[in-house]
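Data block for my_file.cif (mmCIF, C-alpha atoms):
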```cif
data_work
#
loop_
_atom_site.label_atom_id
_atom_site.label_comp_id
_atom_site.auth_asym_id
_atom_site.auth_seq_id
_atom_site.Cartn_x
_atom_site.Cartn_y
_atom_site.Cartn_z
CA MET A 126 130.15 -125.26 23.33
CA ILE A 127 130.40 -123.89 19.85
CA SER A 128 132.06 -120.66 18.76
CA VAL A 129 130.22 -117.48 17.82
CA GLN A 130 131.15 -117.99 14.16
CA GLU A 131 129.89 -121.59 14.24
CA ALA A 132 126.59 -120.37 15.70
CA PHE A 133 126.27 -117.86 12.85
CA SER A 134 126.96 -120.55 10.25
CA ILE A 135 124.42 -122.99 11.74
CA LEU A 136 121.69 -120.35 11.78
CA GLN A 137 122.45 -119.29 8.21
CA ASP A 138 122.12 -122.89 7.02
CA ASN A 139 118.78 -123.47 8.75
CA LEU A 140 116.69 -120.43 7.86
CA PRO A 141 113.25 -121.21 6.40
CA VAL A 142 111.97 -120.03 3.01
CA LEU A 143 110.83 -116.41 2.92
CA PRO A 144 107.03 -116.09 2.71
CA LYS A 145 105.54 -113.35 0.53
CA ALA A 146 102.30 -111.42 0.86
CA GLU A 147 100.41 -108.70 -0.99
CA TYR A 148 99.85 -105.65 1.18
CA SER A 149 98.28 -102.27 0.70
CA LEU A 150 100.83 -99.48 0.44
CA PHE A 151 100.17 -98.34 4.00
CA GLU A 152 100.51 -101.86 5.40
CA ALA A 153 103.71 -102.37 3.39
CA ARG A 154 105.68 -99.63 5.16
CA LYS A 155 109.05 -100.90 6.44
CA HIS A 156 108.58 -104.17 4.54
CA ILE A 157 110.89 -105.26 1.74
CA LEU A 158 109.78 -105.55 -1.87
CA ALA A 159 109.52 -109.12 -3.11
CA GLU A 160 109.45 -108.08 -6.78
CA SER A 161 110.68 -105.15 -8.85
CA LEU A 162 108.12 -102.50 -9.79
CA PHE A 163 107.92 -100.61 -13.09
CA SER A 164 106.16 -97.33 -13.58
CA PRO A 165 102.76 -97.58 -15.31
CA ILE A 166 102.78 -93.85 -16.15
CA ASN A 167 105.01 -90.91 -16.90
CA MET A 168 105.67 -88.71 -13.87
CA PRO A 169 104.73 -86.00 -14.29
CA PRO A 170 102.12 -87.20 -16.81
CA PHE A 171 101.92 -83.72 -18.39
CA ARG A 172 104.13 -80.63 -18.51
CA GLN A 173 103.83 -78.98 -15.10
CA SER A 174 104.50 -75.56 -13.73
CA ALA A 175 107.23 -75.67 -11.10
CA MET A 176 106.21 -72.28 -9.67
CA ASP A 177 103.31 -70.00 -8.89
CA GLY A 178 103.50 -67.37 -11.60
CA PHE A 179 102.57 -66.90 -15.24
CA ALA A 180 102.88 -69.29 -18.19
CA LEU A 181 104.21 -67.48 -21.23
CA CYS A 182 104.01 -67.89 -24.97
CA LEU A 183 107.34 -66.19 -25.51
CA HIS A 184 108.04 -63.15 -27.67
CA ASN A 185 110.79 -60.53 -27.68
CA ALA A 186 109.21 -58.07 -25.26
CA LEU A 187 108.64 -57.64 -21.53
CA VAL A 188 104.91 -56.96 -21.82
CA TYR A 189 102.33 -59.79 -22.10
CA GLU A 190 98.54 -59.95 -22.26
CA ILE A 191 96.91 -62.04 -19.48
CA ILE A 192 94.06 -64.07 -20.97
CA GLY A 193 93.15 -66.47 -18.15
CA GLU A 194 94.16 -68.70 -15.29
CA VAL A 195 95.12 -72.39 -14.82
CA LYS A 196 94.92 -73.93 -11.35
CA ALA A 197 96.36 -77.26 -10.23
CA GLY A 198 93.88 -79.94 -11.26
CA ASP A 199 92.23 -77.90 -14.06
CA SER A 200 91.54 -80.07 -17.08
CA HIS A 201 90.61 -77.37 -19.59
CA LYS A 202 93.23 -76.44 -22.19
CA VAL A 203 94.23 -72.88 -23.05
CA GLU A 204 95.77 -71.86 -26.36
CA LEU A 205 98.24 -68.98 -26.20
CA LEU A 206 99.50 -66.79 -28.99
CA PRO A 207 102.95 -65.16 -28.83
CA GLY A 208 102.83 -62.38 -26.25
CA GLN A 209 100.01 -63.94 -24.25
CA ALA A 210 100.12 -65.40 -20.71
CA VAL A 211 97.96 -67.16 -18.17
CA LYS A 212 98.26 -67.06 -14.42
CA ILE A 213 99.34 -70.51 -13.26
CA PHE A 214 99.97 -72.34 -10.00
CA THR A 215 102.54 -74.92 -8.91
CA GLY A 216 101.70 -78.38 -10.27
CA ALA A 217 99.18 -77.10 -12.82
CA ALA A 218 99.23 -78.37 -16.41
CA LEU A 219 101.17 -76.04 -18.69
CA PRO A 220 99.36 -74.98 -21.90
CA ASP A 221 100.87 -76.72 -24.93
CA SER A 222 101.71 -73.37 -26.47
CA ALA A 223 103.53 -72.06 -23.38
CA GLN A 224 107.31 -72.42 -23.29
CA ALA A 225 108.17 -71.04 -19.85
CA VAL A 226 106.88 -69.93 -16.47
CA ILE A 227 107.98 -66.77 -14.68
CA GLN A 228 107.57 -66.70 -10.93
CA ILE A 229 105.12 -64.23 -9.51
CA GLU A 230 107.84 -62.29 -7.67
CA LYS A 231 109.42 -61.21 -10.97
CA VAL A 232 106.40 -59.51 -12.55
CA SER A 233 103.95 -56.68 -12.00
CA VAL A 234 100.32 -56.73 -13.09
CA ASP A 235 98.15 -53.88 -14.32
CA GLY A 236 94.69 -55.17 -15.20
CA THR A 237 95.26 -57.63 -18.05
CA GLN A 238 98.76 -56.39 -18.69
CA LEU A 239 101.75 -58.34 -17.39
CA LEU A 240 105.13 -56.61 -17.13
CA LEU A 241 108.22 -58.81 -16.70
CA ASP A 242 111.33 -57.69 -14.82
CA GLU A 243 113.53 -59.61 -17.28
CA LEU A 244 113.37 -61.77 -20.40
CA VAL A 245 112.73 -65.47 -19.78
CA GLU A 246 114.37 -68.42 -21.50
CA ALA A 247 112.37 -71.36 -22.82
CA LYS A 248 111.85 -74.26 -20.36
CA THR A 249 112.31 -72.03 -17.32
CA ASN A 250 110.33 -73.42 -14.34
CA VAL A 251 108.80 -76.15 -16.52
CA ARG A 252 108.70 -79.80 -15.41
CA PRO A 253 108.74 -81.89 -18.61
CA ILE A 254 106.67 -85.05 -19.08
CA GLY A 255 108.46 -87.99 -17.43
CA GLU A 256 111.06 -85.76 -15.73
CA GLN A 257 110.99 -87.98 -12.62
CA ILE A 258 110.28 -91.31 -14.34
CA SER A 259 108.96 -92.51 -17.70
CA ALA A 260 106.32 -95.19 -18.22
CA GLY A 261 107.96 -98.63 -18.22
CA ASP A 262 111.06 -97.54 -16.32
CA LEU A 263 112.16 -99.31 -13.13
CA ALA A 264 110.48 -97.58 -10.20
CA LEU A 265 111.80 -99.62 -7.27
CA GLU A 266 113.99 -102.72 -7.31
CA LYS A 267 113.25 -105.98 -5.51
CA GLY A 268 114.85 -105.88 -2.07
CA LYS A 269 114.14 -102.20 -1.45
CA ILE A 270 112.82 -101.39 2.01
CA LEU A 271 109.66 -99.33 1.77
CA ASN A 272 110.14 -96.17 3.80
CA ALA A 273 107.70 -93.28 3.85
CA ALA A 274 109.23 -91.68 0.74
CA ALA A 275 109.00 -94.95 -1.21
CA ILE A 276 105.35 -95.33 -0.19
CA GLY A 277 104.64 -91.79 -1.39
CA PHE A 278 106.53 -92.39 -4.65
CA LEU A 279 104.55 -95.53 -5.42
CA ALA A 280 101.25 -93.88 -4.50
CA GLY A 281 102.09 -91.07 -6.90
CA LEU A 282 102.51 -93.65 -9.66
CA GLY A 283 99.08 -95.11 -8.95
CA PHE A 284 100.08 -98.26 -7.04
CA THR A 285 97.66 -99.46 -4.35
CA LYS A 286 99.17 -102.87 -3.47
CA VAL A 287 102.64 -104.40 -3.59
CA SER A 288 104.18 -107.82 -3.04
CA VAL A 289 106.51 -107.83 -0.04
CA TYR A 290 108.31 -110.32 2.15
CA GLN A 291 106.10 -111.03 5.12
CA LYS A 292 107.60 -110.12 8.47
CA PRO A 293 107.72 -112.91 11.03
CA LYS A 294 105.23 -112.97 13.88
CA VAL A 295 107.20 -113.11 17.11
CA GLY A 296 106.13 -114.70 20.38
CA ILE A 297 107.98 -113.91 23.62
CA VAL A 298 107.65 -116.50 26.37
CA VAL A 299 108.81 -115.21 29.77
CA THR A 300 109.47 -117.83 32.48
CA GLY A 301 110.32 -117.60 36.16
CA ASN A 302 108.70 -117.92 39.59
CA GLU A 303 110.97 -115.14 40.85
CA LEU A 304 109.38 -112.51 38.60
CA SER A 305 106.99 -109.79 39.76
CA LYS A 306 105.17 -107.27 37.59
CA PRO A 307 106.48 -103.69 37.80
CA GLY A 308 104.05 -101.56 39.78
CA THR A 309 103.31 -104.26 42.36
CA PRO A 310 104.96 -104.52 45.80
CA LEU A 311 108.30 -106.34 45.53
CA GLU A 312 108.38 -109.31 47.88
CA TYR A 313 111.58 -110.63 49.38
CA GLY A 314 113.33 -113.01 46.94
CA LYS A 315 111.54 -111.56 43.90
CA VAL A 316 112.73 -109.29 41.08
CA TYR A 317 110.74 -107.19 38.67
CA GLU A 318 110.24 -108.76 35.23
CA SER A 319 111.95 -106.64 32.56
CA ASN A 320 112.97 -108.94 29.72
CA GLY A 321 109.52 -109.20 28.17
CA LEU A 322 108.98 -105.46 27.88
CA MET A 323 112.62 -104.97 26.85
CA LEU A 324 112.35 -107.48 23.99
CA GLN A 325 108.97 -106.07 22.88
CA SER A 326 110.49 -102.60 22.78
CA ALA A 327 113.53 -103.78 20.81
CA LEU A 328 111.27 -105.53 18.29
CA ILE A 329 109.02 -102.53 17.80
CA ASP A 330 112.09 -100.27 17.43
CA ALA A 331 113.13 -102.56 14.57
CA TYR A 332 109.63 -102.38 13.00
CA TYR A 333 108.41 -105.80 14.05
CA GLY A 334 104.92 -105.03 15.30
CA ALA A 335 103.29 -108.49 15.39
CA VAL A 336 104.58 -109.39 18.86
CA THR A 337 102.75 -111.45 21.50
CA LEU A 338 103.92 -111.80 25.10
CA TYR A 339 103.31 -115.03 27.03
CA GLU A 340 104.07 -115.50 30.73
CA VAL A 341 104.48 -118.80 32.55
CA ASN A 342 105.66 -119.92 35.97
CA ASP A 343 108.32 -122.59 36.52
CA ASP A 344 106.15 -125.65 35.99
CA PHE A 345 106.81 -128.25 33.30
CA VAL A 346 103.24 -128.77 32.10
CA ASN A 347 102.49 -125.04 32.04
CA THR A 348 105.77 -124.34 30.27
CA LYS A 349 105.12 -126.97 27.63
CA ASN A 350 101.54 -125.78 27.03
CA LYS A 351 102.59 -122.13 26.76
CA LEU A 352 105.39 -123.00 24.32
CA GLN A 353 102.94 -125.02 22.24
CA GLU A 354 100.58 -122.04 22.16
CA ALA A 355 103.40 -119.72 21.09
CA LEU A 356 104.65 -122.14 18.42
CA THR A 357 101.17 -122.46 16.94
CA ALA A 358 100.63 -118.72 16.61
CA ASN A 359 104.08 -117.37 15.70
CA ASP A 360 106.98 -117.77 13.28
CA VAL A 361 109.82 -116.95 15.68
CA ILE A 362 109.65 -117.73 19.40
CA LEU A 363 111.89 -116.06 21.97
CA VAL A 364 112.04 -117.68 25.40
CA SER A 365 113.40 -115.63 28.26
CA GLY A 366 114.94 -117.75 31.01
CA GLY A 367 114.48 -121.38 31.99
CA ILE A 368 116.99 -122.84 29.52
CA SER A 369 119.77 -123.58 32.03
CA VAL A 370 120.19 -126.85 33.92
CA GLY A 371 118.64 -125.94 37.27
CA ASP A 372 115.99 -128.08 38.91
CA TYR A 373 113.29 -125.59 37.90
CA ASP A 374 114.47 -124.85 34.35
CA PHE A 375 111.93 -126.72 32.21
CA VAL A 376 112.32 -125.06 28.80
CA ALA A 377 114.82 -127.52 27.29
CA ARG A 378 112.73 -130.55 28.26
CA ALA A 379 109.53 -128.94 27.02
CA LEU A 380 111.09 -128.02 23.66
CA LYS A 381 112.35 -131.58 23.26
CA GLU A 382 108.89 -133.03 23.89
CA LEU A 383 107.45 -130.58 21.38
CA GLU A 384 109.93 -132.01 18.83
CA VAL A 385 111.85 -128.77 18.37
CA GLU A 386 115.15 -129.68 16.69
CA THR A 387 118.19 -128.42 18.56
CA LEU A 388 120.49 -126.45 16.27
CA PHE A 389 122.88 -125.56 19.08
CA TYR A 390 122.94 -125.03 22.82
CA LYS A 391 125.63 -122.98 24.56
CA VAL A 392 127.98 -120.62 22.77
CA ASN A 393 131.51 -119.83 23.88
CA GLN A 394 130.72 -116.19 24.64
CA LYS A 395 130.18 -113.77 27.50
CA PRO A 396 127.51 -112.73 28.23
CA GLY A 397 125.00 -115.20 26.79
CA LYS A 398 126.66 -118.60 27.10
CA PRO A 399 123.38 -120.58 27.67
CA LEU A 400 121.87 -119.60 24.31
CA PHE A 401 119.66 -122.18 22.59
CA ALA A 402 118.62 -122.12 18.94
CA GLY A 403 116.15 -124.59 17.51
CA LYS A 404 113.81 -125.22 14.63
CA LEU A 405 110.39 -126.79 14.17
CA ASN A 406 109.48 -127.06 10.49
CA ASP A 407 109.57 -123.44 9.31
CA LYS A 408 109.58 -121.91 12.80
CA MET A 409 112.68 -120.69 14.64
CA VAL A 410 113.11 -120.86 18.41
CA PHE A 411 115.63 -118.93 20.50
CA ALA A 412 115.85 -119.60 24.23
CA LEU A 413 117.67 -116.57 25.59
CA PRO A 414 119.46 -116.29 28.93
CA GLY A 415 117.40 -114.88 31.77
CA ASN A 416 119.98 -112.30 32.81
CA PRO A 417 118.82 -109.06 31.16
CA ALA A 418 122.10 -107.89 29.58
CA ALA A 419 122.85 -111.41 28.31
CA CYS A 420 119.31 -111.66 26.94
CA LEU A 421 119.59 -108.36 25.06
CA THR A 422 123.09 -109.14 23.76
CA CYS A 423 121.88 -112.42 22.24
CA PHE A 424 118.88 -110.62 20.79
CA TYR A 425 121.00 -108.07 18.93
CA VAL A 426 123.71 -110.50 17.80
CA TYR A 427 121.56 -113.49 16.79
CA VAL A 428 117.83 -112.79 16.80
CA LEU A 429 117.65 -109.42 15.08
CA PRO A 430 119.77 -110.52 12.07
CA THR A 431 117.61 -113.65 11.80
CA LEU A 432 114.45 -111.53 11.69
CA ALA A 433 116.00 -109.20 9.11
CA ILE A 434 116.97 -112.08 6.82
CA LEU A 435 113.55 -113.71 7.21
CA SER A 436 112.02 -110.36 6.24
CA GLY A 437 113.93 -110.25 2.95
CA ALA A 438 116.76 -107.90 3.91
CA GLU A 439 120.23 -108.28 2.44
CA ALA A 440 121.55 -108.92 5.93
CA ASN A 441 123.85 -111.49 7.47
CA TYR A 442 125.24 -112.43 10.84
CA GLN A 443 128.67 -110.95 10.05
CA GLN A 444 127.37 -107.45 10.77
CA ALA A 445 130.27 -106.06 12.78
CA VAL A 446 132.19 -103.05 11.49
CA LEU A 447 135.84 -102.24 12.18
CA MET A 448 136.38 -99.30 14.47
CA SER A 449 139.18 -97.90 16.65
CA ILE A 450 139.07 -98.50 20.37
CA ALA A 451 139.21 -95.24 22.36
CA HIS A 452 141.50 -96.50 25.14
CA ASP A 453 143.69 -99.37 26.26
CA TYR A 454 141.81 -102.49 27.34
CA GLU A 455 143.02 -105.80 28.75
CA VAL A 456 141.28 -109.03 27.68
CA ARG A 457 141.59 -112.03 29.99
CA ASN A 458 138.87 -114.51 29.16
CA THR A 459 138.35 -118.09 28.00
CA ARG A 460 135.16 -116.96 26.26
CA SER A 461 134.69 -114.38 23.51
CA GLN A 462 133.14 -111.21 24.86
CA PHE A 463 130.49 -108.77 23.68
CA LEU A 464 131.35 -105.58 25.57
CA LYS A 465 128.86 -102.74 25.90
CA ALA A 466 130.40 -99.61 24.44
CA ASN A 467 129.72 -96.00 23.62
CA ILE A 468 130.61 -94.98 20.07
CA VAL A 469 131.74 -91.34 19.78
CA ASN A 470 133.43 -89.81 16.72
CA GLY A 471 134.08 -93.23 15.24
CA GLU A 472 135.78 -94.62 18.35
CA ALA A 473 134.48 -97.26 20.74
CA ALA A 474 134.79 -96.65 24.47
CA ILE A 475 134.07 -99.75 26.55
CA LEU A 476 131.73 -99.02 29.45
CA SER A 477 131.82 -100.23 33.05
CA HIS A 478 129.21 -102.60 34.53
CA GLN A 479 129.66 -105.41 32.00
CA ALA A 480 127.99 -108.14 34.09
CA SER A 481 125.27 -110.15 32.39
CA SER A 482 122.69 -108.97 34.92
CA MET A 483 123.36 -105.25 34.45
CA LEU A 484 121.35 -103.06 32.09
CA ASN A 485 122.47 -99.66 33.38
CA SER A 486 125.46 -99.49 31.03
CA PHE A 487 123.44 -101.11 28.21
CA SER A 488 120.91 -98.26 28.46
CA VAL A 489 123.57 -95.74 27.32
CA ALA A 490 125.46 -98.07 24.95
CA ASN A 491 125.21 -97.78 21.17
CA GLY A 492 127.54 -100.62 20.27
CA LEU A 493 128.95 -103.98 21.33
CA VAL A 494 132.69 -104.51 20.98
CA TYR A 495 133.53 -108.11 20.07
CA ALA A 496 136.69 -109.31 21.82
CA PRO A 497 137.73 -112.87 20.85
CA HIS A 498 138.73 -115.11 23.77
CA GLY A 499 142.32 -115.12 24.94
CA ASN A 500 144.82 -113.14 26.98
CA TYR A 501 145.95 -109.97 25.22
CA GLU A 502 145.92 -106.20 25.42
CA LEU A 503 144.12 -103.81 23.13
CA LYS A 504 145.86 -100.47 22.70
CA LYS A 505 144.14 -97.15 22.03
CA GLY A 506 143.63 -96.89 18.26
CA ASP A 507 143.63 -100.66 17.63
CA LYS A 508 140.87 -101.85 15.33
CA VAL A 509 138.09 -103.87 16.94
CA GLU A 510 134.86 -105.39 15.62
CA VAL A 511 131.80 -103.47 16.72
CA TYR A 512 128.14 -104.46 16.48
CA LEU A 513 126.22 -101.21 16.15
CA LEU A 514 122.98 -100.96 18.11
#
```

Just give me the structure of the file as structure tokens.
Amino acid sequence: MISVQEAFSILQDNLPVLPKAEYSLFEARKHILAESLFSPINMPPFRQSAMDGFALCLHNALVYEIIGEVKAGDSHKVELLPGQAVKIFTGAALPDSAQAVIQIEKVSVDGTQLLLDELVEAKTNVRPIGEQISAGDLALEKGKILNAAAIGFLAGLGFTKVSVYQKPKVGIVVTGNELSKPGTPLEYGKVYESNGLMLQSALIDAYYGAVTLYEVNDDFVNTKNKLQEALTANDVILVSGGISVGDYDFVARALKELEVETLFYKVNQKPGKPLFAGKLNDKMVFALPGNPAACLTCFYVYVLPTLAILSGAEANYQQAVLMSIAHDYEVRNTRSQFLKANIVNGEAAILSHQASSMLNSFSVANGLVYAPHGNYELKKGDKVEVYLL
């Protein structure tokens, strides 16, 4: 077995080159920019009114003559003389001869006469040209993740397409004769299949939408054919179950015949010891333990960082943060542990039901406490490494 840190290092050294693609702005949401973008225009491209009110050509009096109106989107230009005003709306182009805008709540109107409550200073409620960004300035830097605000910002600058790092397509291969579909009668000796839906949900939560689920019984030929199908169609393949050394665990043999290079098999950790990582050209393969909590632990610790890095994120496998433990805890283990925990007010409380088959505590956990192997006691307030979920 290798250590957790050795597993991280091996994965880091074997990641394929990041592919890029040009996507429409809508398609690019939650992708990472593959190149820096510079603004093609000033924003705003003209002086704008920041309020609904009146644009003023200032003079030293509180009374102005209203000579017209400018709505947002109007392209006609109005020339004002000192003492003249036009009604104007938020976002509308300010006449060149206007120096300020007074909001509508601070005036009264009598026909064409405008009476101000107070004198107004120049530039009040005026958005100058290029206030947000000037033409040629850096809009978004390479490596930025495109959230909804970034998409809106780029659309406002006139962008329609961007170059991003392409997210991996993920195939999930679920194995096991003992598995039944939820919603069907549960026969003696069977369990309901949960890992496939669990992994799909975790991937979608992390904005990986191109996910395909494959199911196969414990048969060598079927397993090999299904893995071949998944390898052909996807960039990262997750196999749930079948990687151990039982008589009906065919995944390892099938991967070998498909010429998948073994990067490592078995990690000195609990849960998730029988973890396999492999590579076929530019495709990554993870065979995850069949026990649900072990499967999900390996997903968060190894698979999710791999997907993030392959998607262009500035991520790495050393993602744990230091945090205080909320109580005393005794460690007695020859394997390093990932302990389901609840993080409250910056402290990690280790939960009960830590067995690799148990998801009930995982369902309320928001962190994994990493406890290196050995015999020692953690005292309340001691710093521990925590993988945030």

Result set of the PyMOL selection byres ((chain A and resi 333) around 9) on the coordinates above, as a PyMOL selection string: chain A and resi 292-295+325+327-332+334-336+432

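Distances from A:Leu205, A:Leu136, A:Leu513, A:Ala418 to Gly397 (chain A) were compared using all atoms listed in the file, and the smallest one belongs to A:Ala418.
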
Report as a tab-separated table the residues of region 353-468 of chain A within 12 Å of region 299-313 of chain A, each with its shortest atom pair and distance in Å (one decimal), using all atoms listed in the file, ordered by chain and increasing residue number.
```
residue	atom	partner	partner_atom	distance
A:Ala355	CA	A:Val299	CA	11.2
A:Ile362	CA	A:Val299	CA	10.7
A:Leu363	CA	A:Val299	CA	8.4
A:Val364	CA	A:Val299	CA	6.0
A:Ser365	CA	A:Val299	CA	4.9
A:Gly366	CA	A:Thr300	CA	5.7
A:Gly367	CA	A:Thr300	CA	6.2
A:Ile368	CA	A:Thr300	CA	9.5
A:Ser369	CA	A:Thr300	CA	11.8
A:Gly371	CA	A:Gly301	CA	11.8
A:Tyr373	CA	A:Gly301	CA	8.7
A:Asp374	CA	A:Gly301	CA	8.5
A:Phe375	CA	A:Thr300	CA	9.2
A:Val376	CA	A:Thr300	CA	8.6
A:Ala412	CA	A:Val299	CA	10.0
A:Leu413	CA	A:Val299	CA	9.9
A:Pro414	CA	A:Thr300	CA	10.7
A:Gly415	CA	A:Thr300	CA	8.5
A:Asn416	CA	A:Gly301	CA	11.5
A:Pro417	CA	A:Val299	CA	11.8
A:Cys420	CA	A:Val299	CA	11.4
```

CA of Ile213 (chain A) to CA of Phe179 (chain A), straight-line distance in Å: 5.2 Å

Residues within 7 Å of region 272-281 of chain A, all atoms listed in the file, excluding chain neighbours under 3 positions, as a PyMOL selection string: chain A and resi 150+154-155+284-285

Explicit residues for the PyMOL selection byres ((chain A and resi 251) around 8) (as a count of residues only): 13

Residue IDs satisfying the PyMOL selection byres ((chain A and resi 384) around 12), as a PDB file with C-alpha atoms, in the frame of the given file:
```
ATOM      1  CA  LYS A 349     105.120-126.970  27.630  1.00  0.00           C
ATOM      2  CA  LEU A 352     105.390-123.000  24.320  1.00  0.00           C
ATOM      3  CA  GLN A 353     102.940-125.020  22.240  1.00  0.00           C
ATOM      4  CA  LEU A 356     104.650-122.140  18.420  1.00  0.00           C
ATOM      5  CA  ALA A 377     114.820-127.520  27.290  1.00  0.00           C
ATOM      6  CA  ARG A 378     112.730-130.550  28.260  1.00  0.00           C
ATOM      7  CA  ALA A 379     109.530-128.940  27.020  1.00  0.00           C
ATOM      8  CA  LEU A 380     111.090-128.020  23.660  1.00  0.00           C
ATOM      9  CA  LYS A 381     112.350-131.580  23.260  1.00  0.00           C
ATOM     10  CA  GLU A 382     108.890-133.030  23.890  1.00  0.00           C
ATOM     11  CA  LEU A 383     107.450-130.580  21.380  1.00  0.00           C
ATOM     12  CA  VAL A 385     111.850-128.770  18.370  1.00  0.00           C
ATOM     13  CA  GLU A 386     115.150-129.680  16.690  1.00  0.00           C
ATOM     14  CA  THR A 387     118.190-128.420  18.560  1.00  0.00           C
ATOM     15  CA  GLY A 403     116.150-124.590  17.510  1.00  0.00           C
ATOM     16  CA  LYS A 404     113.810-125.220  14.630  1.00  0.00           C
ATOM     17  CA  LEU A 405     110.390-126.790  14.170  1.00  0.00           C
ATOM     18  CA  ASN A 406     109.480-127.060  10.490  1.00  0.00           C
ATOM     19  CA  LYS A 408     109.580-121.910  12.800  1.00  0.00           C
ATOM     20  CA  VAL A 410     113.110-120.860  18.410  1.00  0.00           C
TER      21      VAL A 410
END
```

Between CA of Ala490 (chain A) and CA of Tyr427 (chain A), distance in Å (one decimal): 17.9 Å

Pairwise distance for CA of Val456 (chain A) and CA of Ile135 (chain A), rounded to one decimal in Å: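 A separation of 27.1 Å between them.
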
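With only C-alpha atoms as the atoms that count, the minimum distance from Asp507 (chain A) to the choices A:Ala445, A:Ala451, A:Ile468, A:Val494 is reached by A:Ala451.
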
Nearby residues, (129.4, -103.9, 15.6) file frame, 8 Å, only C-alpha atoms, as a list in words: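 Final list of nearby residues, as requested, is Gln444, Ala445, Val446, Leu447, Gly492, Leu493, Val494, Tyr495, Glu510, Val511, Tyr512, Leu513 and Leu514 of chain A.
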
Contact residues around Pro396 (chain A) with all atoms listed in the file at 7 Å, ignoring same-chain residues under 5 positions, as a list in words: Ala419, Gln462, Phe463 and Ser481 of chain A

Selection as a list in words: residues within 8 Å of (96.6, -77.2, -12.0), counting only C-alpha atoms: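 Residues lying no farther than 8 Å from the given point: Val195, Lys196, Ala197, Gly198, Asp199, Ser200, Ile213, Phe214, Thr215, Gly216, Ala217 and Ala218 of chain A.
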
Pick from A:Pro220, A:Gly283, A:Gly321, A:Pro144, whichever lies nearest to Val298 (chain A) using only C-alpha atoms: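 Checking each of A:Pro220, A:Gly283, A:Gly321, A:Pro144 against Val298 (chain A), counting only C-alpha atoms, the winner is A:Gly321.
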
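Among the candidates A:Glu147, A:Met483, A:Asp235, A:Arg457, the one nearest to Ala496 (chain A) when counting all atoms listed in the file is A:Arg457.
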
Residue nearest Pro170 (chain A) among A:Ala247, A:Val341, A:Leu282, A:Met448 (counting all atoms listed in the file):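 Residue with the minimum atom-to-atom distance to Pro170 (chain A): A:Leu282.
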
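Minimum atom-to-atom distance to Ile254 (chain A), evaluated using all atoms listed in the file, belongs to A:Asn167 out of A:Gln228, A:Asn167, A:Ser326, A:Ser486.
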
Return the padded bounding box of region 411-420 of chain A as JSON: axis-aligned, built from all atoms listed in the file, 5 Å added on each side, with centre and edge lengths in Å to one decimal.
```
{"center_x": 119.2, "center_y": -113.7, "center_z": 26.7, "size_x": 17.2, "size_y": 21.7, "size_z": 22.3}
```

Leu143 (chain A) surroundings by only C-alpha atoms, 12 Å radius, close-in-sequence under 4 positions cut, as a ChimeraX atom specification: /A:157-159,289-293,360,407-408,431-438

Store the residues of this selection in a file with C-alpha atoms, as a short mmCIF file (atom, residue, chain, number, x, y, z; two decimals), keeping the file's coordinate frame.
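New file selection19.cif:
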```
data_model
loop_
_atom_site.label_atom_id
_atom_site.label_comp_id
_atom_site.auth_asym_id
_atom_site.auth_seq_id
_atom_site.Cartn_x
_atom_site.Cartn_y
_atom_site.Cartn_z
CA ILE A 157 110.89 -105.26 1.74
CA LEU A 158 109.78 -105.55 -1.87
CA ALA A 159 109.52 -109.12 -3.11
CA VAL A 289 106.51 -107.83 -0.04
CA TYR A 290 108.31 -110.32 2.15
CA GLN A 291 106.10 -111.03 5.12
CA LYS A 292 107.60 -110.12 8.47
CA PRO A 293 107.72 -112.91 11.03
CA ASP A 360 106.98 -117.77 13.28
CA ASP A 407 109.57 -123.44 9.31
CA LYS A 408 109.58 -121.91 12.80
CA THR A 431 117.61 -113.65 11.80
CA LEU A 432 114.45 -111.53 11.69
CA ALA A 433 116.00 -109.20 9.11
CA ILE A 434 116.97 -112.08 6.82
CA LEU A 435 113.55 -113.71 7.21
CA SER A 436 112.02 -110.36 6.24
CA GLY A 437 113.93 -110.25 2.95
CA ALA A 438 116.76 -107.90 3.91
#
```
